[in-house]
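So this one's my_file_1.cif, mmCIF, C-alpha atoms:
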data_work
#
loop_
_atom_site.group_PDB
_atom_site.id
_atom_site.type_symbol
_atom_site.label_atom_id
_atom_site.label_comp_id
_atom_site.auth_asym_id
_atom_site.auth_seq_id
_atom_site.Cartn_x
_atom_site.Cartn_y
_atom_site.Cartn_z
ATOM 1 C CA MET H 801 -114.699 -131.064 98.740
ATOM 2 C CA PRO H 802 -117.163 -130.168 101.468
ATOM 3 C CA ALA H 803 -116.713 -126.729 102.993
ATOM 4 C CA TYR H 804 -118.036 -125.793 106.416
ATOM 5 C CA THR H 805 -118.421 -122.372 107.980
ATOM 6 C CA VAL H 806 -118.264 -121.375 111.629
ATOM 7 C CA ARG H 807 -117.926 -118.004 113.293
ATOM 8 C CA GLU H 808 -115.187 -117.097 115.689
ATOM 9 C CA TRP H 809 -115.874 -118.509 119.199
ATOM 10 C CA ASP H 810 -118.873 -120.555 117.950
ATOM 11 C CA LYS H 811 -119.208 -124.342 117.905
ATOM 12 C CA LEU H 812 -119.558 -126.740 114.977
ATOM 13 C CA ALA H 813 -121.144 -130.025 116.033
ATOM 14 C CA TYR H 814 -119.827 -133.296 114.601
ATOM 15 C CA GLY H 815 -121.014 -136.886 114.564
ATOM 16 C CA ALA H 816 -124.173 -138.539 113.240
ATOM 17 C CA GLY H 817 -127.230 -136.381 112.704
ATOM 18 C CA GLU H 818 -128.505 -133.420 110.773
ATOM 19 C CA GLY H 819 -126.554 -130.179 111.013
ATOM 20 C CA ARG H 820 -123.392 -132.020 112.045
ATOM 21 C CA ILE H 821 -120.214 -132.697 110.133
ATOM 22 C CA PRO H 822 -118.788 -136.238 109.882
ATOM 23 C CA GLU H 823 -116.478 -137.218 112.720
ATOM 24 C CA GLY H 824 -113.642 -138.036 110.291
ATOM 25 C CA HIS H 825 -113.733 -134.499 108.897
ATOM 26 C CA ALA H 826 -113.731 -133.035 112.413
ATOM 27 C CA SER H 827 -110.682 -135.122 113.355
ATOM 28 C CA LYS H 828 -108.774 -134.040 110.230
ATOM 29 C CA LEU H 829 -109.574 -130.377 110.807
ATOM 30 C CA ALA H 830 -108.602 -130.583 114.484
ATOM 31 C CA ALA H 831 -105.307 -132.291 113.613
ATOM 32 C CA LEU H 832 -104.528 -129.615 111.030
ATOM 33 C CA ALA H 833 -105.390 -126.850 113.505
ATOM 34 C CA GLU H 834 -103.005 -128.340 116.098
ATOM 35 C CA ARG H 835 -100.123 -128.165 113.592
ATOM 36 C CA SER H 836 -100.859 -124.547 112.657
ATOM 37 C CA VAL H 837 -98.351 -121.825 113.524
ATOM 38 C CA PHE H 838 -101.218 -120.055 115.293
ATOM 39 C CA ALA H 839 -102.019 -123.043 117.525
ATOM 40 C CA GLY H 840 -99.795 -121.954 120.383
ATOM 41 C CA ARG H 841 -98.034 -124.244 122.861
ATOM 42 C CA GLY H 842 -100.982 -126.478 123.709
ATOM 43 C CA GLY H 843 -102.160 -126.749 120.121
ATOM 44 C CA GLY H 844 -105.597 -125.342 120.910
ATOM 45 C CA GLY H 845 -105.172 -121.791 119.630
ATOM 46 C CA VAL H 846 -107.236 -122.291 116.482
ATOM 47 C CA LEU H 847 -109.816 -124.984 117.330
ATOM 48 C CA GLU H 848 -110.864 -126.740 120.492
ATOM 49 C CA HIS H 849 -111.626 -130.386 119.790
ATOM 50 C CA GLY H 850 -114.420 -131.158 122.250
ATOM 51 C CA ARG H 851 -116.391 -134.383 122.742
ATOM 52 C CA HIS H 852 -119.212 -133.415 120.402
ATOM 53 C CA ALA H 853 -118.150 -130.179 118.723
ATOM 54 C CA LEU H 854 -115.284 -128.173 117.348
ATOM 55 C CA ARG H 855 -115.093 -124.688 118.815
ATOM 56 C CA ALA H 856 -113.386 -121.930 116.851
ATOM 57 C CA ARG H 857 -111.053 -119.789 118.922
ATOM 58 C CA GLY H 858 -109.840 -116.242 118.243
ATOM 59 C CA ILE H 859 -108.324 -116.969 114.819
ATOM 60 C CA VAL H 860 -110.061 -116.081 111.543
ATOM 61 C CA GLY H 861 -109.232 -117.820 108.285
ATOM 62 C CA ILE H 862 -109.487 -121.084 106.407
ATOM 63 C CA LEU H 863 -108.346 -124.571 107.357
ATOM 64 C CA SER H 864 -108.105 -126.864 104.365
ATOM 65 C CA THR H 865 -107.050 -130.491 104.198
ATOM 66 C CA GLY H 866 -107.139 -132.545 101.010
ATOM 67 C CA ASP H 867 -110.818 -133.407 101.297
ATOM 68 C CA VAL H 868 -112.461 -130.883 103.653
ATOM 69 C CA SER H 869 -112.195 -127.172 104.481
ATOM 70 C CA LEU H 870 -113.385 -125.032 107.361
ATOM 71 C CA GLU H 871 -113.962 -121.306 107.034
ATOM 72 C CA ILE H 872 -113.727 -119.403 110.319
ATOM 73 C CA LEU H 873 -115.398 -116.007 109.983
ATOM 74 C CA PRO H 874 -114.959 -113.104 112.414
ATOM 75 C CA LYS H 875 -117.638 -112.290 114.938
ATOM 76 C CA ILE H 876 -119.087 -109.169 113.330
ATOM 77 C CA ASP H 877 -122.522 -107.752 114.073
ATOM 78 C CA VAL H 878 -124.900 -108.120 111.148
ATOM 79 C CA ALA H 879 -128.658 -107.740 110.811
ATOM 80 C CA PRO H 880 -130.168 -110.548 112.905
ATOM 81 C CA SER H 881 -133.316 -110.661 110.750
ATOM 82 C CA GLU H 882 -131.386 -112.044 107.766
ATOM 83 C CA ALA H 883 -130.875 -115.744 107.025
ATOM 84 C CA VAL H 884 -127.585 -117.340 108.100
ATOM 85 C CA ASP H 885 -126.294 -117.460 104.495
ATOM 86 C CA GLN H 886 -126.977 -113.740 104.054
ATOM 87 C CA GLN H 887 -125.313 -112.962 107.388
ATOM 88 C CA ASN H 888 -122.207 -114.954 106.372
ATOM 89 C CA ALA H 889 -122.192 -113.174 102.995
ATOM 90 C CA ALA H 890 -122.240 -109.773 104.744
ATOM 91 C CA ILE H 891 -119.409 -110.889 107.054
ATOM 92 C CA ARG H 892 -117.297 -112.131 104.107
ATOM 93 C CA LYS H 893 -117.821 -108.835 102.300
ATOM 94 C CA ARG H 894 -116.783 -106.828 105.367
ATOM 95 C CA LEU H 895 -113.773 -109.069 105.978
ATOM 96 C CA VAL H 896 -112.509 -108.664 102.404
ATOM 97 C CA HIS H 897 -113.032 -104.905 102.719
ATOM 98 C CA MET H 898 -111.053 -104.851 105.999
ATOM 99 C CA LEU H 899 -108.224 -106.835 104.372
ATOM 100 C CA ALA H 900 -108.186 -104.428 101.434
ATOM 101 C CA VAL H 901 -107.912 -101.423 103.750
ATOM 102 C CA ALA H 902 -105.302 -103.025 106.030
ATOM 103 C CA LEU H 903 -103.115 -104.225 103.150
ATOM 104 C CA ASP H 904 -103.746 -101.130 100.971
ATOM 105 C CA LEU H 905 -105.222 -103.197 98.132
ATOM 106 C CA LYS H 906 -107.402 -101.722 95.422
ATOM 107 C CA ILE H 907 -110.241 -104.240 95.212
ATOM 108 C CA ASP H 908 -113.494 -103.637 93.362
ATOM 109 C CA LEU H 909 -116.020 -105.590 95.414
ATOM 110 C CA GLY H 910 -118.762 -104.868 92.890
ATOM 111 C CA VAL H 911 -117.318 -107.564 90.606
ATOM 112 C CA VAL H 912 -118.407 -110.303 93.002
ATOM 113 C CA THR H 913 -122.166 -110.840 92.871
ATOM 114 C CA ASP H 914 -124.309 -111.098 95.987
ATOM 115 C CA LEU H 915 -124.995 -114.735 95.170
ATOM 116 C CA ALA H 916 -121.256 -115.494 95.108
ATOM 117 C CA TRP H 917 -120.826 -113.959 98.567
ATOM 118 C CA GLN H 918 -123.409 -116.467 99.844
ATOM 119 C CA ARG H 919 -122.361 -119.612 97.974
ATOM 120 C CA GLU H 920 -118.588 -119.375 97.897
ATOM 121 C CA THR H 921 -116.136 -119.572 100.765
ATOM 122 C CA LEU H 922 -113.746 -116.782 101.602
ATOM 123 C CA LEU H 923 -110.901 -118.657 99.885
ATOM 124 C CA GLU H 924 -112.860 -118.983 96.633
ATOM 125 C CA ILE H 925 -113.773 -115.292 96.723
ATOM 126 C CA LEU H 926 -110.157 -114.231 97.298
ATOM 127 C CA ILE H 927 -109.006 -116.508 94.466
ATOM 128 C CA ARG H 928 -111.639 -114.999 92.168
ATOM 129 C CA ILE H 929 -110.585 -111.439 93.048
ATOM 130 C CA PHE H 930 -106.907 -112.336 92.491
ATOM 131 C CA CYS H 931 -107.632 -113.958 89.118
ATOM 132 C CA ASN H 932 -109.693 -110.956 87.996
ATOM 133 C CA LYS H 933 -106.881 -108.563 88.974
ATOM 134 C CA LEU H 934 -104.283 -110.769 87.244
ATOM 135 C CA THR H 935 -106.355 -110.971 84.049
ATOM 136 C CA GLU H 936 -106.836 -107.202 84.078
ATOM 137 C CA ALA H 937 -103.088 -106.631 84.484
ATOM 138 C CA LEU H 938 -102.187 -109.093 81.732
ATOM 139 C CA ARG H 939 -104.621 -107.470 79.322
ATOM 140 C CA LYS H 940 -102.752 -104.196 79.782
ATOM 141 C CA GLY H 941 -99.548 -105.953 78.719
ATOM 142 C CA MET H 942 -96.295 -106.840 80.368
ATOM 143 C CA PRO H 943 -94.050 -103.876 81.212
ATOM 144 C CA ARG H 944 -91.005 -103.728 78.926
ATOM 145 C CA ARG H 945 -87.917 -101.591 79.240
ATOM 146 C CA TYR H 946 -84.502 -101.471 77.690
ATOM 147 C CA VAL H 947 -81.702 -102.512 79.987
ATOM 148 C CA THR H 948 -78.285 -101.038 79.303
ATOM 149 C CA ARG H 949 -75.190 -102.982 80.352
ATOM 150 C CA ASP H 950 -71.700 -101.519 80.185
ATOM 151 C CA GLU H 951 -68.815 -103.927 80.581
ATOM 152 C CA ASP H 952 -65.260 -104.581 79.481
ATOM 153 C CA LEU H 953 -65.198 -107.567 77.156
ATOM 154 C CA SER H 954 -62.379 -109.754 75.923
ATOM 155 C CA VAL H 955 -64.148 -110.086 72.543
ATOM 156 C CA LEU H 956 -66.924 -108.243 70.822
ATOM 157 C CA ARG H 957 -70.151 -110.174 70.966
ATOM 158 C CA ASP H 958 -73.128 -110.438 68.647
ATOM 159 C CA ARG H 959 -71.033 -110.369 65.481
ATOM 160 C CA SER H 960 -70.340 -106.674 66.047
ATOM 161 C CA ILE H 961 -67.097 -106.783 64.097
ATOM 162 C CA SER H 962 -68.725 -108.314 61.029
ATOM 163 C CA ARG H 963 -71.322 -105.503 60.961
ATOM 164 C CA ILE H 964 -68.649 -102.844 60.585
ATOM 165 C CA SER H 965 -68.447 -101.993 56.887
ATOM 166 C CA SER H 966 -64.864 -100.727 56.750
ATOM 167 C CA PRO H 967 -62.269 -103.532 56.470
ATOM 168 C CA ALA H 968 -59.628 -101.242 57.980
ATOM 169 C CA MET H 969 -61.776 -100.608 61.056
ATOM 170 C CA ARG H 970 -62.466 -104.339 61.479
ATOM 171 C CA SER H 971 -58.786 -105.206 61.417
ATOM 172 C CA THR H 972 -58.047 -102.384 63.884
ATOM 173 C CA LEU H 973 -60.668 -103.699 66.317
ATOM 174 C CA ARG H 974 -59.303 -107.227 66.043
ATOM 175 C CA ASP H 975 -55.795 -106.014 66.833
ATOM 176 C CA LEU H 976 -56.743 -103.972 69.921
ATOM 177 C CA PRO H 977 -55.592 -105.299 73.304
ATOM 178 C CA VAL H 978 -58.233 -106.927 75.451
ATOM 179 C CA ALA H 979 -58.407 -104.111 78.017
ATOM 180 C CA SER H 980 -59.190 -101.446 75.404
ATOM 181 C CA ILE H 981 -62.303 -103.126 73.967
ATOM 182 C CA PHE H 982 -65.431 -101.649 75.495
ATOM 183 C CA CYS H 983 -68.927 -102.601 74.460
ATOM 184 C CA ARG H 984 -72.242 -100.999 75.243
ATOM 185 C CA LYS H 985 -75.195 -103.353 74.711
ATOM 186 C CA THR H 986 -78.860 -102.591 74.962
ATOM 187 C CA ARG H 987 -81.283 -105.472 75.199
ATOM 188 C CA HIS H 988 -85.043 -105.621 75.408
ATOM 189 C CA SER H 989 -86.179 -106.904 78.796
ATOM 190 C CA THR H 990 -89.550 -107.934 80.217
ATOM 191 C CA ARG H 991 -88.415 -107.108 83.745
ATOM 192 C CA SER H 992 -89.454 -103.795 85.196
#
Encoded form (structure tokens):
Amino acid sequence: MPAYTVREWDKLAYGAGEGRIPEGHASKLAALAERSVFAGRGGGGVLEHGRHALRARGIVGILSTGDVSLEILPKIDVAPSEAVDQQNAAIRKRLVHMLAVALDLKIDLGVVTDLAWQRETLLEILIRIFCNKLTEALRKGMPRRYVTRDEDLSVLRDRSISRISSPAMRSTLRDLPVASIFCRKTRHSTRS
């Protein structure tokens, strides 16, 4: 799936020619942007579909259809002497850091290599960070606790009567009225 990158308020040319995206991809992305919850009343809140270019508006994120995706990066000042790929990598890194601070997430950005910041889109980087965090949590093990349930039962469950060694006690328990039987069960649970 081809992935394109544009910065907030910049244009992405479409049509025939070098440095342009195919017109079919531009139409699909524009149609998706119009249906977005961020599109506003006129449908132009995410992308403006011009005659020769798509123009990103004030929304940052990723538009993804089945066969094309568009990454809209924020307009952040970076070193102008760097190549465009390095500038986009620096912007992605800052954006992920801002998201981590805003959402109070503990993200180790050192795990993602500098090459990954340049080659991968923001969505791929976020998926990688999520998968790394999930793998780390699963390696520690699932939390397990005992859950105690107290309830009045009409019968004793789990063959509790048959485990009682005294025949006199078993017959007494069988003869008790329903309201006087009380059972305390403890089960192992994977829920925290």
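Put simply, the PyMOL selection byres ((chain H and resi 801) around 7) on this file hits Pro802, Ala803, Asp867 and Val868 of chain H.
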Please identify every residue of region 862-898 of chain H that has at least one atom no farther than 9 Å from an atom of region 922-945 of chain H, counting all atoms listed in the file, and for each give the shortest atom pair and the distance in Å to one decimal, arranged by chain then increasing number, as CSV.
residue,atom,partner,partner_atom,distance
H:Ile862,CA,H:Leu923,CA,7.1
H:Glu871,CA,H:Leu922,CA,7.1
H:Leu873,CA,H:Leu922,CA,8.6
H:Arg892,CA,H:Leu922,CA,6.4
H:Lys893,CA,H:Leu922,CA,9.0
H:Leu895,CA,H:Leu922,CA,8.9
H:Val896,CA,H:Leu926,CA,7.9
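In terms of minimum interatomic distance to Trp917 (chain H), H:Ala889 ranks closest within H:Ala879, H:Leu903, H:Ala889, H:Ala839, counting all atoms listed in the file.
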All residues 12 Å or closer to Gly824 (chain H), all atoms listed in the file, same chain fewer than 4 positions away omitted, as a ChimeraX atom specification: /H:814-816,820,828-831,865,867-868
Where's the centre, and what are the edge lengths in Å to one decimal, of a box along x, y and z enclosing all listed atoms of region 826-837 of chain H padded 8 Å per side, as lines of an AutoDock Vina configuration file?
center_x = -106.0
center_y = -128.5
center_z = 113.2
size_x = 31.4
size_y = 29.3
size_z = 21.9
What does the distance between CA of Gly861 (chain H) and CA of Pro874 (chain H) come to in Å, to one decimal place? 8.5 Å
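Applied to the file shown here, the PyMOL selection byres ((chain H and resi 858) around 7) selects Glu808, Trp809, Val846, Ala856, Arg857, Ile859 and Val860 of chain H.
The coordinates place CA of Thr805 (chain H) at 12.8 Å from CA of Gln886 (chain H).
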Suppose a student applies the PyMOL selection byres ((chain H and resi 850) around 12) to this structure; what residues should they get, written as a count of residues only? 19
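The gap separating CA of Arg919 (chain H) from CA of Pro880 (chain H) is 19.1 Å, in Å to one decimal.
Considering all atoms listed in the file, the residue among H:Gly845, H:Asp908, H:Glu818, H:Tyr804 positioned nearest to Asp885 (chain H) is H:Tyr804.
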